[in-house]
Amino acid sequence: MREEFYSRGKQTNVYNFIFIYKSVTLCCLCVVTAILAFYCRTDLLKMTFSKDKTSQRLLLSVLIFVLMVFISVIIDFYILKKTTNIGYRLNRLAYLDRLTGLPNRFSCDLLFESFNGSERLPGVGFIVMKINNLPTVNQTTSHDNGNNLITEFCFILEDVGEKYGYVGRNGGNEFIILIENCSDTDCDMFLSDLTKRIRGYNEMAVGTPLEIAYACVLNSNEKRSVMSELISFAYKKLKDAPQTLS
């Protein structure tokens, strides 16, 4: 799983900023407390009050201040830690597909946008896939079995595709991999590795066999100026002339 799909969200950054800000503030308070304690160290060590009312008030203020800072540190860090964890989980929910744990459509759209107007676009390779027998599984057995089939395929796809590029679920039965600086060799190697894993899964007969249709496009050949045109072309190929892995 690539962390950038959810860990760089604006909400998480805000929580992290608040956490850092509060940490620095509390450290400053601790320094001030230490300075006050240093100047009143004699009375603090002996725990005695002089007859000077000013000294008494100063000592009492230091003790109260130390207690308040200590309580504040504990409460603030507890709340901020919980808030940061909530923000992190919310970003995961926003960026990741709930069923498979892969980057969801929103994440895929953000990824596609990042290639527009950049130097990476001319060398990008894009592969879109679907599970050919998923509709049949849903109709003849159950949607639970269909979800299991999706989960199994996504596990294989992520495990194989992670070293090649960005893997995501771009909708119900739409799965993508985007490879930077992609050549025909890169595509062939990825598809070969994926085919081996799918065949291994099917031969084990642990569940419904996987039948995968795909379309692969390289922008070095297509020369598209925007990412959306390359994606549309790949989907058209998947619809009109799909290739299969099984």
# chains A, B, ... in the order shown; residues from 1 in each chain; ligands from 1
>>> residues_around(residues="Phe190 in chain A", least_positions_apart="4", cutoff="9 Å", atoms="only C-alpha atoms", output="PyMOL selection string")
chain A and resi 160-161+164+185-186+194-195
>>> closest_residue(among="A:Leu26, A:Cys187, A:Ile150, A:Ile127", to="Ser72 in chain A", atoms="only C-alpha atoms")
A:Leu26
>>> residues_around(residues="Asp184 in chain A", least_positions_apart="2", cutoff="12 Å", atoms="only C-alpha atoms", output="PDB file with C-alpha atoms, in the first residue's frame")
ATOM      1  CA  GLY A 123       6.238   8.045 -20.645  1.00  0.00           C
ATOM      2  CA  VAL A 124       3.249   6.751 -18.710  1.00  0.00           C
ATOM      3  CA  GLY A 125       1.761   3.314 -19.226  1.00  0.00           C
ATOM      4  CA  PHE A 126      -1.831   2.582 -18.243  1.00  0.00           C
ATOM      5  CA  ILE A 127      -3.511  -0.809 -17.837  1.00  0.00           C
ATOM      6  CA  ILE A 179       3.462   2.760 -14.578  1.00  0.00           C
ATOM      7  CA  ASN A 181       8.547   5.623 -17.675  1.00  0.00           C
ATOM      8  CA  CYS A 182       6.823   2.555 -19.049  1.00  0.00           C
ATOM      9  CA  ASP A 186       7.681  -3.244 -18.522  1.00  0.00           C
ATOM     10  CA  CYS A 187       4.098  -4.030 -19.528  1.00  0.00           C
ATOM     11  CA  ASP A 188       5.019  -7.517 -20.713  1.00  0.00           C
ATOM     12  CA  MET A 189       6.894  -8.276 -17.479  1.00  0.00           C
ATOM     13  CA  PHE A 190       4.013  -7.085 -15.323  1.00  0.00           C
ATOM     14  CA  LEU A 191       1.426  -9.038 -17.315  1.00  0.00           C
ATOM     15  CA  CYS A 216      -2.876  -1.774 -22.085  1.00  0.00           C
ATOM     16  CA  VAL A 217      -1.880   1.587 -23.581  1.00  0.00           C
ATOM     17  CA  LEU A 218       1.459   3.396 -23.671  1.00  0.00           C
ATOM     18  CA  ASN A 219       1.515   7.131 -24.078  1.00  0.00           C
ATOM     19  CA  SER A 220       4.878   6.875 -25.800  1.00  0.00           C
ATOM     20  CA  ASN A 221       2.849   5.368 -28.664  1.00  0.00           C
TER      21      ASN A 221
END
>>> closest_residue(among="A:Ser142, A:Ala213, A:Arg199, A:Val128", to="Phe233 in chain A", atoms="only C-alpha atoms")
A:Val128
>>> select_by_dssp(residues="range 88-212 of chain A", states="alpha helix (DSSP H)", output="MDAnalysis selection string")
chainID A and resid 88:95 105:115 134:140 143:161 184:204
>>> write_last_selection(atoms="C-alpha atoms", output="mmCIF file, in the first residue's frame")
data_model
loop_
_atom_site.group_PDB
_atom_site.id
_atom_site.type_symbol
_atom_site.label_atom_id
_atom_site.label_comp_id
_atom_site.auth_asym_id
_atom_site.auth_seq_id
_atom_site.Cartn_x
_atom_site.Cartn_y
_atom_site.Cartn_z
ATOM 1 C CA TYR A 88 -5.452 9.400 9.985
ATOM 2 C CA ARG A 89 -8.314 6.885 9.944
ATOM 3 C CA LEU A 90 -10.648 9.385 8.261
ATOM 4 C CA ASN A 91 -8.085 9.935 5.529
ATOM 5 C CA ARG A 92 -7.747 6.189 5.046
ATOM 6 C CA LEU A 93 -11.512 5.939 4.642
ATOM 7 C CA ALA A 94 -11.504 8.809 2.158
ATOM 8 C CA TYR A 95 -8.662 7.495 0.021
ATOM 9 C CA ARG A 105 -11.675 6.065 -7.287
ATOM 10 C CA PHE A 106 -11.032 9.370 -5.532
ATOM 11 C CA SER A 107 -7.372 8.436 -5.064
ATOM 12 C CA CYS A 108 -7.128 7.308 -8.685
ATOM 13 C CA ASP A 109 -8.573 10.630 -9.886
ATOM 14 C CA LEU A 110 -6.006 12.545 -7.820
ATOM 15 C CA LEU A 111 -3.253 10.367 -9.252
ATOM 16 C CA PHE A 112 -4.419 10.949 -12.822
ATOM 17 C CA GLU A 113 -4.582 14.712 -12.265
ATOM 18 C CA SER A 114 -0.995 14.754 -11.018
ATOM 19 C CA PHE A 115 0.206 13.612 -14.450
ATOM 20 C CA LEU A 134 -17.685 -11.440 -11.849
ATOM 21 C CA PRO A 135 -21.226 -10.743 -13.185
ATOM 22 C CA THR A 136 -21.819 -14.486 -13.560
ATOM 23 C CA VAL A 137 -20.603 -15.193 -10.023
ATOM 24 C CA ASN A 138 -22.864 -12.459 -8.623
ATOM 25 C CA GLN A 139 -25.906 -13.768 -10.491
ATOM 26 C CA THR A 140 -25.449 -17.520 -10.006
ATOM 27 C CA HIS A 143 -22.622 -11.018 -4.097
ATOM 28 C CA ASP A 144 -20.611 -12.260 -1.117
ATOM 29 C CA ASN A 145 -18.823 -14.705 -3.406
ATOM 30 C CA GLY A 146 -18.362 -11.894 -5.904
ATOM 31 C CA ASN A 147 -16.795 -9.739 -3.197
ATOM 32 C CA ASN A 148 -14.497 -12.608 -2.232
ATOM 33 C CA LEU A 149 -13.406 -12.904 -5.852
ATOM 34 C CA ILE A 150 -12.680 -9.170 -5.988
ATOM 35 C CA THR A 151 -10.708 -9.382 -2.742
ATOM 36 C CA GLU A 152 -8.611 -12.310 -3.965
ATOM 37 C CA PHE A 153 -7.819 -10.603 -7.258
ATOM 38 C CA CYS A 154 -6.926 -7.303 -5.593
ATOM 39 C CA PHE A 155 -4.563 -9.070 -3.210
ATOM 40 C CA ILE A 156 -2.758 -10.630 -6.173
ATOM 41 C CA LEU A 157 -2.840 -7.407 -8.197
ATOM 42 C CA GLU A 158 -1.391 -5.312 -5.386
ATOM 43 C CA ASP A 159 1.269 -7.877 -4.524
ATOM 44 C CA VAL A 160 2.424 -8.128 -8.143
ATOM 45 C CA GLY A 161 1.900 -4.536 -9.224
ATOM 46 C CA ASP A 184 6.617 -2.481 -23.829
ATOM 47 C CA THR A 185 8.999 -4.623 -21.813
ATOM 48 C CA ASP A 186 7.681 -3.244 -18.522
ATOM 49 C CA CYS A 187 4.098 -4.030 -19.528
ATOM 50 C CA ASP A 188 5.019 -7.517 -20.713
ATOM 51 C CA MET A 189 6.894 -8.276 -17.479
ATOM 52 C CA PHE A 190 4.013 -7.085 -15.323
ATOM 53 C CA LEU A 191 1.426 -9.038 -17.315
ATOM 54 C CA SER A 192 3.642 -12.131 -17.267
ATOM 55 C CA ASP A 193 4.059 -11.960 -13.479
ATOM 56 C CA LEU A 194 0.339 -11.371 -12.998
ATOM 57 C CA THR A 195 -0.552 -14.268 -15.310
ATOM 58 C CA LYS A 196 1.675 -16.650 -13.313
ATOM 59 C CA ARG A 197 0.020 -15.637 -10.055
ATOM 60 C CA ILE A 198 -3.493 -15.978 -11.470
ATOM 61 C CA ARG A 199 -2.711 -19.395 -12.904
ATOM 62 C CA GLY A 200 -1.296 -20.465 -9.565
ATOM 63 C CA TYR A 201 -4.439 -19.261 -7.797
ATOM 64 C CA ASN A 202 -6.717 -21.035 -10.273
ATOM 65 C CA GLU A 203 -4.742 -24.288 -10.061
ATOM 66 C CA MET A 204 -5.069 -24.342 -6.269
#
>>> residues_around(residues="Gly168 in chain A", least_positions_apart="3", cutoff="6 Å", atoms="only C-alpha atoms", output="list in words")
Leu102, Pro103, Phe175 and Ile176 of chain A
>>> select_by_dssp(residues="range 64-184 of chain A", states="strand (DSSP E)", output="MDAnalysis selection string")
chainID A and resid 125:131 166:169 175:179
>>> atom_distance(atom1="CA of Arg98 in chain A", atom2="CA of Lys237 in chain A")
28.1 Å
